[in-house]
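Asker: One structure follows; several queries about it will come next.
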Amino acid sequence: MNEAAAREVVLVQAFETTHPAPPSWDDDDRAWATKVALQEGASDDDPERFVARRAHHALRRLGPREPAAASWLTRRLWRDRWIAWAVVAGLIIGIAADAIGASQQINLLAPPLWGVLAWNAVVYALLLGSGAMQLVLRRTRRGSLVRLTERVLRLGRSLPGLGSVGASAGGSAKALQGFASLWLRLSGPLSATRAAAVLHAAAAALGLGLIAGLYLRGLVLDYRAAWESTFLSAVNAHAILATVLAPASAISGIALADVDAFAAMRGAHGVAPGAAPAAPWIHLFALTLGLVVVLPRTVLALFGVVRAHWLARHLALPLDSTYFQVLTQARKGELASVFVTPYASEPGAGVAPLLRTIVNRVLGDTAQISTANTLVFGAEDDPTEFVMPPEGTTLVIALFDLAATPEAESQGRYAQTLARSAPTVLMIDEAAFARRFKGDATRLAQRRDAWRVLAVALGTTPVFINSDAPDEAAARGVAVAMRRPVNAA
């Protein structure tokens with residue numbers, strides 16, 4: 001899916017998964033958008049085209065009601081000329097930087113050029129290390145640049161243009177903040193690739209500017225080459241230079257001075273009576289900059305540009321998430337199905353109506369709910385007792401009692417087993433625990449924290465309910481947990 005269509009889909013998703021629901025979008029609007037998309041779609045339409053078409057129609061109603069969101073959709077998040085600006089800035093900085101110094105004497109062991117070479121070597125090592133790590137682990141991991149991009153974009157807890165929505169957004173600030181979070185998660189690789197392309201282009205231009213600055217100054221000034229060191233002997237210093245400058249020397253045919261001639265160039269306190277003409281050394285340093293900085297960074301920048309263009313046309317929606325599964329089932333004429341499986345404790349009388357209310361708010365009032373028999377503690381490994389969710393289940397709710405002590409080897413393994421077949425959320429009923437301890441806030445907080453620890457280990461967020469005193473927070477909690485369901489074992 002291309003970037004523009006994906007932004008529309010994510011915006012509609014944010015408004016449909018925010019609880020309490022924003023006043024600008026309700027169940028009737030949701031049903032209308034689905035109906036229109038189904039009427040226009042072909043029978044063999046794939047899920048992504050259906051979702052994109054539905055979002056496009058939804059914005060016909062949502063856009064006029066949410067001008068802040070509609071305005072943001074019209075903004076371009078990327079302009080190719082930003083790379084051109086980075087190149088110009090790098091060239092100017094490189095040319096303006098005096099890489100040798102005002103003394104007109106080059107200390108071969110201490111010009112700023114060595115810092116540029118070292119920094120680029122570190123960058124290449126990190127890139128190679130990250131690529132090797134991904135190959136070894138055989139999975140895609142968010143790189144440091146992706147995380148940095150997300151942190152920068154989260155400043156103000158919103159994307160550009162959404163920082164001051166509040167009342168002007170029709171009371172839908174939470175939906176817009178949810179949109180920012182969803183979009184960052186989806187577009188993180190694209191944003192990081194674009195940022196990397198800009199940085200690589202700027203680095204290549206900086207190296208080119210340094211080379212240009214060397215030669216421009218060398219045209220009107222007579223530079224001399226020498227070296228100083230407290231710890232290195234002539235032999236060691238010569239070996240270092242010979243190693244670093246060897247490729248440039250081989251390509252250019254410029255031979256390095258031998259050890260004796262190099263020793264005669266040694267100076268002290270800025271004075272070097274045996275200083276030699278710097279032209280050969282400038283040629284070697286310039287060619288080394290080209291080989292180590294300009295050429296590789298240019299290739300990386302071009303690769304980043306090509307990859308960013310491809311990613312912008314092929315953003316992959318998480319179609320296996322609960323939200324998109326519900327839409328896919330609607331496209332097929334199927335209803336969303338929720339499988340509730342209690343563990344080690346019979347649900348109270350108020351659980352069933354509360355679950356129906358929550359499911360209606362999250363998945364619509366046509367969603368079907370089925371409840372399994374309560375699984376006895378310790379029977380999670382017994383195939384005769386453990387009932388797996390039916391095929392095609394949209395959402396699994398693993399229901400626990402807050403009074404139980406959460407354990408990774410029992411409740412944790414149970415939830416992970418369920419997660420293998422369908423997205424699973426942890427729901428903990430605290431009604432019986434609150435009655436037993438007469439609402440003791442300290443005990444309640446301690447037990448909640450214990451369940452949160454288990455949930456974090458499973459990669460999700462727990463949903464706490466009180467079947468004796470239901471509130472809207474439960475539906476909001478389920479919507480949040482659905483974005484990060486339990487990690488399958």
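Every chain in the structure tokens takes a letter, A first, then B, and so on in the order presented; its residues are numbered from 1, and the ligands are numbered from 1 following the presented order.
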Tell me which protein, DNA and RNA residues are within 9 Å of Phe377 of chain A, counting only C-alpha atoms, leaving out same-chain ones fewer than 4 positions away, and put them as a PyMOL selection string.
Answerer: chain A and resi 343-345+410-411
Asker: As an MDAnalysis selection string, please: every residue in segment 278-443 of chain A that a backbone DSSP assignment puts in strand (DSSP E or B).
Answerer: chainID A and resid 337:343 368:371 375 395:401 424:429
Asker: Mind giving me the straight-line distance from atom CA of Ser130 of chain A to atom CA of Pro318 of chain A in Å, one decimal?
Answerer: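 That distance, rounded to one decimal, is 24.3 Å.
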Asker: Give me, as a VMD selection string, all polymer residues having an atom no more than 8 Å from segment 221-232 of chain A, counting only C-alpha atoms and skipping those fewer than 2 positions away in the same chain.
Answerer: chain A and resid 104 to 109 217 to 219 234 to 237 265 to 268 272 274 to 279 281
Asker: Let's have the selection written as a PDB file, in the first residue's frame, with N, CA and C atoms.
Answerer:
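Final file, result_19.pdb:
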```pdb
ATOM      1  N   GLN A 104      49.886  26.719   8.377  1.00  0.00           N
ATOM      2  CA  GLN A 104      50.338  26.280   7.059  1.00  0.00           C
ATOM      3  C   GLN A 104      51.317  25.104   7.150  1.00  0.00           C
ATOM      4  N   GLN A 105      51.307  24.422   8.269  1.00  0.00           N
ATOM      5  CA  GLN A 105      52.138  23.232   8.431  1.00  0.00           C
ATOM      6  C   GLN A 105      51.230  22.088   8.848  1.00  0.00           C
ATOM      7  N   ILE A 106      51.204  21.041   8.056  1.00  0.00           N
ATOM      8  CA  ILE A 106      50.352  19.894   8.330  1.00  0.00           C
ATOM      9  C   ILE A 106      51.055  18.949   9.296  1.00  0.00           C
ATOM     10  N   ASN A 107      50.415  18.709  10.426  1.00  0.00           N
ATOM     11  CA  ASN A 107      50.889  17.636  11.300  1.00  0.00           C
ATOM     12  C   ASN A 107      50.224  16.355  10.812  1.00  0.00           C
ATOM     13  N   LEU A 108      50.969  15.500  10.174  1.00  0.00           N
ATOM     14  CA  LEU A 108      50.402  14.329   9.504  1.00  0.00           C
ATOM     15  C   LEU A 108      49.659  13.383  10.437  1.00  0.00           C
ATOM     16  N   LEU A 109      49.941  13.465  11.733  1.00  0.00           N
ATOM     17  CA  LEU A 109      49.272  12.583  12.687  1.00  0.00           C
ATOM     18  C   LEU A 109      48.072  13.240  13.369  1.00  0.00           C
ATOM     19  N   ARG A 217      42.811  26.012  -0.781  1.00  0.00           N
ATOM     20  CA  ARG A 217      43.818  26.691   0.038  1.00  0.00           C
ATOM     21  C   ARG A 217      45.228  26.412  -0.473  1.00  0.00           C
ATOM     22  N   GLY A 218      45.417  25.188  -1.005  1.00  0.00           N
ATOM     23  CA  GLY A 218      46.730  24.847  -1.525  1.00  0.00           C
ATOM     24  C   GLY A 218      47.115  25.627  -2.763  1.00  0.00           C
ATOM     25  N   LEU A 219      46.136  26.205  -3.452  1.00  0.00           N
ATOM     26  CA  LEU A 219      46.443  26.998  -4.644  1.00  0.00           C
ATOM     27  C   LEU A 219      47.135  28.315  -4.294  1.00  0.00           C
ATOM     28  N   ALA A 234      59.477   7.025  14.867  1.00  0.00           N
ATOM     29  CA  ALA A 234      59.352   7.252  13.435  1.00  0.00           C
ATOM     30  C   ALA A 234      58.871   5.990  12.722  1.00  0.00           C
ATOM     31  N   VAL A 235      59.371   4.841  13.179  1.00  0.00           N
ATOM     32  CA  VAL A 235      58.978   3.578  12.546  1.00  0.00           C
ATOM     33  C   VAL A 235      57.475   3.316  12.739  1.00  0.00           C
ATOM     34  N   ASN A 236      56.985   3.499  13.973  1.00  0.00           N
ATOM     35  CA  ASN A 236      55.561   3.247  14.250  1.00  0.00           C
ATOM     36  C   ASN A 236      54.659   4.244  13.537  1.00  0.00           C
ATOM     37  N   ALA A 237      55.021   5.528  13.574  1.00  0.00           N
ATOM     38  CA  ALA A 237      54.209   6.544  12.905  1.00  0.00           C
ATOM     39  C   ALA A 237      54.181   6.310  11.403  1.00  0.00           C
ATOM     40  N   MET A 265      61.343  14.511   8.986  1.00  0.00           N
ATOM     41  CA  MET A 265      60.225  15.464   8.991  1.00  0.00           C
ATOM     42  C   MET A 265      59.687  15.693  10.408  1.00  0.00           C
ATOM     43  N   ARG A 266      60.270  15.036  11.390  1.00  0.00           N
ATOM     44  CA  ARG A 266      59.751  15.144  12.743  1.00  0.00           C
ATOM     45  C   ARG A 266      60.021  16.533  13.313  1.00  0.00           C
ATOM     46  N   GLY A 267      59.036  17.111  13.954  1.00  0.00           N
ATOM     47  CA  GLY A 267      59.165  18.441  14.534  1.00  0.00           C
ATOM     48  C   GLY A 267      58.896  18.407  16.020  1.00  0.00           C
ATOM     49  N   ALA A 268      59.061  19.551  16.648  1.00  0.00           N
ATOM     50  CA  ALA A 268      58.796  19.685  18.085  1.00  0.00           C
ATOM     51  C   ALA A 268      58.329  21.094  18.361  1.00  0.00           C
ATOM     52  N   ALA A 272      59.512  22.372  12.648  1.00  0.00           N
ATOM     53  CA  ALA A 272      59.990  21.180  11.959  1.00  0.00           C
ATOM     54  C   ALA A 272      60.948  21.603  10.864  1.00  0.00           C
ATOM     55  N   GLY A 274      62.857  19.952   9.055  1.00  0.00           N
ATOM     56  CA  GLY A 274      62.882  19.064   7.889  1.00  0.00           C
ATOM     57  C   GLY A 274      61.538  18.904   7.217  1.00  0.00           C
ATOM     58  N   ALA A 275      60.599  19.814   7.460  1.00  0.00           N
ATOM     59  CA  ALA A 275      59.272  19.708   6.856  1.00  0.00           C
ATOM     60  C   ALA A 275      59.379  19.628   5.338  1.00  0.00           C
ATOM     61  N   ALA A 276      58.589  18.745   4.744  1.00  0.00           N
ATOM     62  CA  ALA A 276      58.625  18.524   3.297  1.00  0.00           C
ATOM     63  C   ALA A 276      57.427  19.189   2.638  1.00  0.00           C
ATOM     64  N   PRO A 277      57.471  19.380   1.313  1.00  0.00           N
ATOM     65  CA  PRO A 277      56.301  19.902   0.607  1.00  0.00           C
ATOM     66  C   PRO A 277      55.083  19.027   0.870  1.00  0.00           C
ATOM     67  N   ALA A 278      53.935  19.660   1.057  1.00  0.00           N
ATOM     68  CA  ALA A 278      52.731  18.932   1.483  1.00  0.00           C
ATOM     69  C   ALA A 278      51.892  18.414   0.327  1.00  0.00           C
ATOM     70  N   ALA A 279      52.204  18.818  -0.905  1.00  0.00           N
ATOM     71  CA  ALA A 279      51.341  18.450  -2.031  1.00  0.00           C
ATOM     72  C   ALA A 279      51.105  16.940  -2.132  1.00  0.00           C
ATOM     73  N   TRP A 281      51.221  14.669   0.139  1.00  0.00           N
ATOM     74  CA  TRP A 281      50.393  14.236   1.267  1.00  0.00           C
ATOM     75  C   TRP A 281      48.951  14.707   1.113  1.00  0.00           C
TER      76      TRP A 281
END
```
Asker: Would you mind listing what lies within 6 Å of segment 392-401 of chain A as a PDB file with N, CA and C atoms, in the first residue's frame, with only C-alpha atoms counted and same-chain residues fewer than 4 positions away left out?
Answerer:
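Result went into around-v2.pdb, see below:
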```pdb
ATOM      1  N   ALA A 336     -17.275 -10.833  13.561  1.00  0.00           N
ATOM      2  CA  ALA A 336     -16.167 -10.946  14.503  1.00  0.00           C
ATOM      3  C   ALA A 336     -16.547 -11.917  15.613  1.00  0.00           C
ATOM      4  N   SER A 337     -15.589 -12.738  16.032  1.00  0.00           N
ATOM      5  CA  SER A 337     -15.869 -13.736  17.069  1.00  0.00           C
ATOM      6  C   SER A 337     -14.861 -13.594  18.198  1.00  0.00           C
ATOM      7  N   VAL A 338     -15.355 -13.631  19.417  1.00  0.00           N
ATOM      8  CA  VAL A 338     -14.529 -13.495  20.611  1.00  0.00           C
ATOM      9  C   VAL A 338     -14.649 -14.776  21.429  1.00  0.00           C
ATOM     10  N   PHE A 339     -13.498 -15.311  21.832  1.00  0.00           N
ATOM     11  CA  PHE A 339     -13.471 -16.546  22.615  1.00  0.00           C
ATOM     12  C   PHE A 339     -12.963 -16.207  24.002  1.00  0.00           C
ATOM     13  N   VAL A 340     -13.813 -16.423  25.007  1.00  0.00           N
ATOM     14  CA  VAL A 340     -13.468 -16.134  26.394  1.00  0.00           C
ATOM     15  C   VAL A 340     -13.151 -17.436  27.093  1.00  0.00           C
ATOM     16  N   THR A 341     -11.981 -17.504  27.714  1.00  0.00           N
ATOM     17  CA  THR A 341     -11.586 -18.733  28.386  1.00  0.00           C
ATOM     18  C   THR A 341     -11.134 -18.425  29.809  1.00  0.00           C
ATOM     19  N   PRO A 342     -11.967 -18.730  30.804  1.00  0.00           N
ATOM     20  CA  PRO A 342     -11.605 -18.477  32.213  1.00  0.00           C
ATOM     21  C   PRO A 342     -10.562 -19.476  32.697  1.00  0.00           C
ATOM     22  N   TYR A 343      -9.730 -19.035  33.616  1.00  0.00           N
ATOM     23  CA  TYR A 343      -8.662 -19.893  34.140  1.00  0.00           C
ATOM     24  C   TYR A 343      -8.725 -19.944  35.659  1.00  0.00           C
ATOM     25  N   PRO A 423      -5.067 -13.585  18.289  1.00  0.00           N
ATOM     26  CA  PRO A 423      -4.627 -12.503  19.182  1.00  0.00           C
ATOM     27  C   PRO A 423      -5.276 -12.650  20.551  1.00  0.00           C
ATOM     28  N   THR A 424      -4.477 -12.548  21.601  1.00  0.00           N
ATOM     29  CA  THR A 424      -4.944 -12.822  22.953  1.00  0.00           C
ATOM     30  C   THR A 424      -4.632 -11.662  23.879  1.00  0.00           C
ATOM     31  N   VAL A 425      -5.608 -11.305  24.720  1.00  0.00           N
ATOM     32  CA  VAL A 425      -5.396 -10.270  25.726  1.00  0.00           C
ATOM     33  C   VAL A 425      -5.642 -10.872  27.106  1.00  0.00           C
ATOM     34  N   LEU A 426      -4.956 -10.312  28.097  1.00  0.00           N
ATOM     35  CA  LEU A 426      -5.138 -10.743  29.479  1.00  0.00           C
ATOM     36  C   LEU A 426      -6.169  -9.855  30.151  1.00  0.00           C
ATOM     37  N   MET A 427      -7.215 -10.471  30.706  1.00  0.00           N
ATOM     38  CA  MET A 427      -8.239  -9.718  31.435  1.00  0.00           C
ATOM     39  C   MET A 427      -8.304 -10.260  32.850  1.00  0.00           C
ATOM     40  N   ILE A 428      -8.216  -9.360  33.813  1.00  0.00           N
ATOM     41  CA  ILE A 428      -8.190  -9.765  35.226  1.00  0.00           C
ATOM     42  C   ILE A 428      -9.362  -9.120  35.957  1.00  0.00           C
ATOM     43  N   ASP A 429     -10.223  -9.963  36.511  1.00  0.00           N
ATOM     44  CA  ASP A 429     -11.384  -9.475  37.261  1.00  0.00           C
ATOM     45  C   ASP A 429     -10.984  -9.298  38.725  1.00  0.00           C
TER      46      ASP A 429
END
```
Asker: Which distance in Å separates atom CA of Ala349 of chain A and atom CA of Ala403 of chain A, to one decimal?
Answerer: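 Going from atom CA of Ala349 of chain A over to atom CA of Ala403 of chain A, I get 16.8 Å.
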Asker: Write down as a list in words the residues belonging to segment 43-73 of chain A that are assigned helix (DSSP H, G or I) by DSSP computed on the backbone.
Answerer: Pro47, Glu48, Arg49, Phe50, Val51, Ala52, Arg53, Arg54, Ala55, His56, His57, Ala58, Leu59, Arg60, Arg61, Leu62, Gly63, Pro64, Arg65, Pro67, Ala68, Ala69, Ala70, Ser71, Trp72 and Leu73 of chain A
Asker: Applying 10 Å and only C-alpha atoms, which residues near Pro296 of chain A remain after dropping the ones on its own chain fewer than 6 positions away? List them as a list in words.
Answerer: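 Residues meeting the cut-off are Asn120, Tyr124, His200, Ala203, Ala204, Gly290 and Leu302 of chain A.
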Asker: Taking C-alpha atoms for each residue, export the selection above as a short mmCIF file (atom, residue, chain, number, x, y, z; two decimals), in the first residue's frame.
Answerer:
```
data_model
loop_
_atom_site.label_atom_id
_atom_site.label_comp_id
_atom_site.auth_asym_id
_atom_site.auth_seq_id
_atom_site.Cartn_x
_atom_site.Cartn_y
_atom_site.Cartn_z
CA ASN A 120 33.05 7.11 9.19
CA TYR A 124 30.44 1.46 8.80
CA HIS A 200 24.66 9.77 4.20
CA ALA A 203 28.40 13.09 5.05
CA ALA A 204 29.45 12.49 1.43
CA GLY A 290 37.17 9.98 -1.44
CA LEU A 302 21.56 6.41 -3.31
#
```
Asker: If we count only C-alpha atoms, what is near Leu355 of chain A at a cut-off of 9 Å, once residues fewer than 5 positions away on the same chain are taken out, given as a list of chain:residue names?
Answerer: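 What passes the distance filter is A:Val340, A:Gly350, A:Asn360, A:Ile369.
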Asker: How about saving the chosen residues, N, CA and C atoms kept, as a PDB file, in the first residue's frame?
Answerer:
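Dumped everything to result-v5.pdb:
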```
ATOM      1  N   VAL A 340     -13.813 -16.423  25.007  1.00  0.00           N
ATOM      2  CA  VAL A 340     -13.468 -16.134  26.394  1.00  0.00           C
ATOM      3  C   VAL A 340     -13.151 -17.436  27.093  1.00  0.00           C
ATOM      4  N   GLY A 350     -21.596 -10.984  37.095  1.00  0.00           N
ATOM      5  CA  GLY A 350     -21.563  -9.739  36.336  1.00  0.00           C
ATOM      6  C   GLY A 350     -20.577  -9.729  35.188  1.00  0.00           C
ATOM      7  N   ASN A 360     -19.019  -5.049  22.405  1.00  0.00           N
ATOM      8  CA  ASN A 360     -19.832  -4.187  21.538  1.00  0.00           C
ATOM      9  C   ASN A 360     -19.107  -2.881  21.239  1.00  0.00           C
ATOM     10  N   ILE A 369     -19.797 -13.892  20.902  1.00  0.00           N
ATOM     11  CA  ILE A 369     -18.987 -14.252  22.061  1.00  0.00           C
ATOM     12  C   ILE A 369     -19.286 -15.692  22.449  1.00  0.00           C
TER      13      ILE A 369
END
```
Asker: Which polymer residues have any atom within 9 Å of an atom of His238 of chain A, counting only C-alpha atoms, with same-chain residues fewer than 2 positions away left out, as a list in words?
Answerer: Ser233, Ala234, Val235, Asn236, Ile240, Leu241, Ala242, Thr243, Leu256, Ala257, Asp258, Val259, Phe262 and Ala263 of chain A
Asker: Take the residues just selected and output them with C-alpha atoms as a PDB file, in the first residue's frame.
Answerer:
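The resulting selection_29.pdb:
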```pdb
ATOM      1  CA  SER A 233      58.670   6.461  17.069  1.00  0.00           C
ATOM      2  CA  ALA A 234      59.352   7.252  13.435  1.00  0.00           C
ATOM      3  CA  VAL A 235      58.978   3.578  12.546  1.00  0.00           C
ATOM      4  CA  ASN A 236      55.561   3.247  14.250  1.00  0.00           C
ATOM      5  CA  ILE A 240      50.360   3.840  10.648  1.00  0.00           C
ATOM      6  CA  LEU A 241      50.408   6.282   7.753  1.00  0.00           C
ATOM      7  CA  ALA A 242      51.562   3.608   5.323  1.00  0.00           C
ATOM      8  CA  THR A 243      48.617   1.390   6.327  1.00  0.00           C
ATOM      9  CA  LEU A 256      55.275   7.423   0.655  1.00  0.00           C
ATOM     10  CA  ALA A 257      58.570   8.721   1.991  1.00  0.00           C
ATOM     11  CA  ASP A 258      60.793   6.005   3.454  1.00  0.00           C
ATOM     12  CA  VAL A 259      61.374   5.752   7.198  1.00  0.00           C
ATOM     13  CA  PHE A 262      59.926  10.465   7.361  1.00  0.00           C
ATOM     14  CA  ALA A 263      62.080  10.680  10.511  1.00  0.00           C
TER      15      ALA A 263
END
```
Asker: What is the atom CA of Glu409 of chain A to atom CA of Asp449 of chain A distance in Å?
Answerer: 17.9 Å
Asker: Give the answer as one residue: which of A:Arg356, A:Glu346, A:Ala197, A:Thr17 has the shortest atom-to-atom distance to Ala301 of chain A, using only C-alpha atoms?
Answerer: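 Of the candidates, the smallest distance to Ala301 of chain A is held by A:Ala197.
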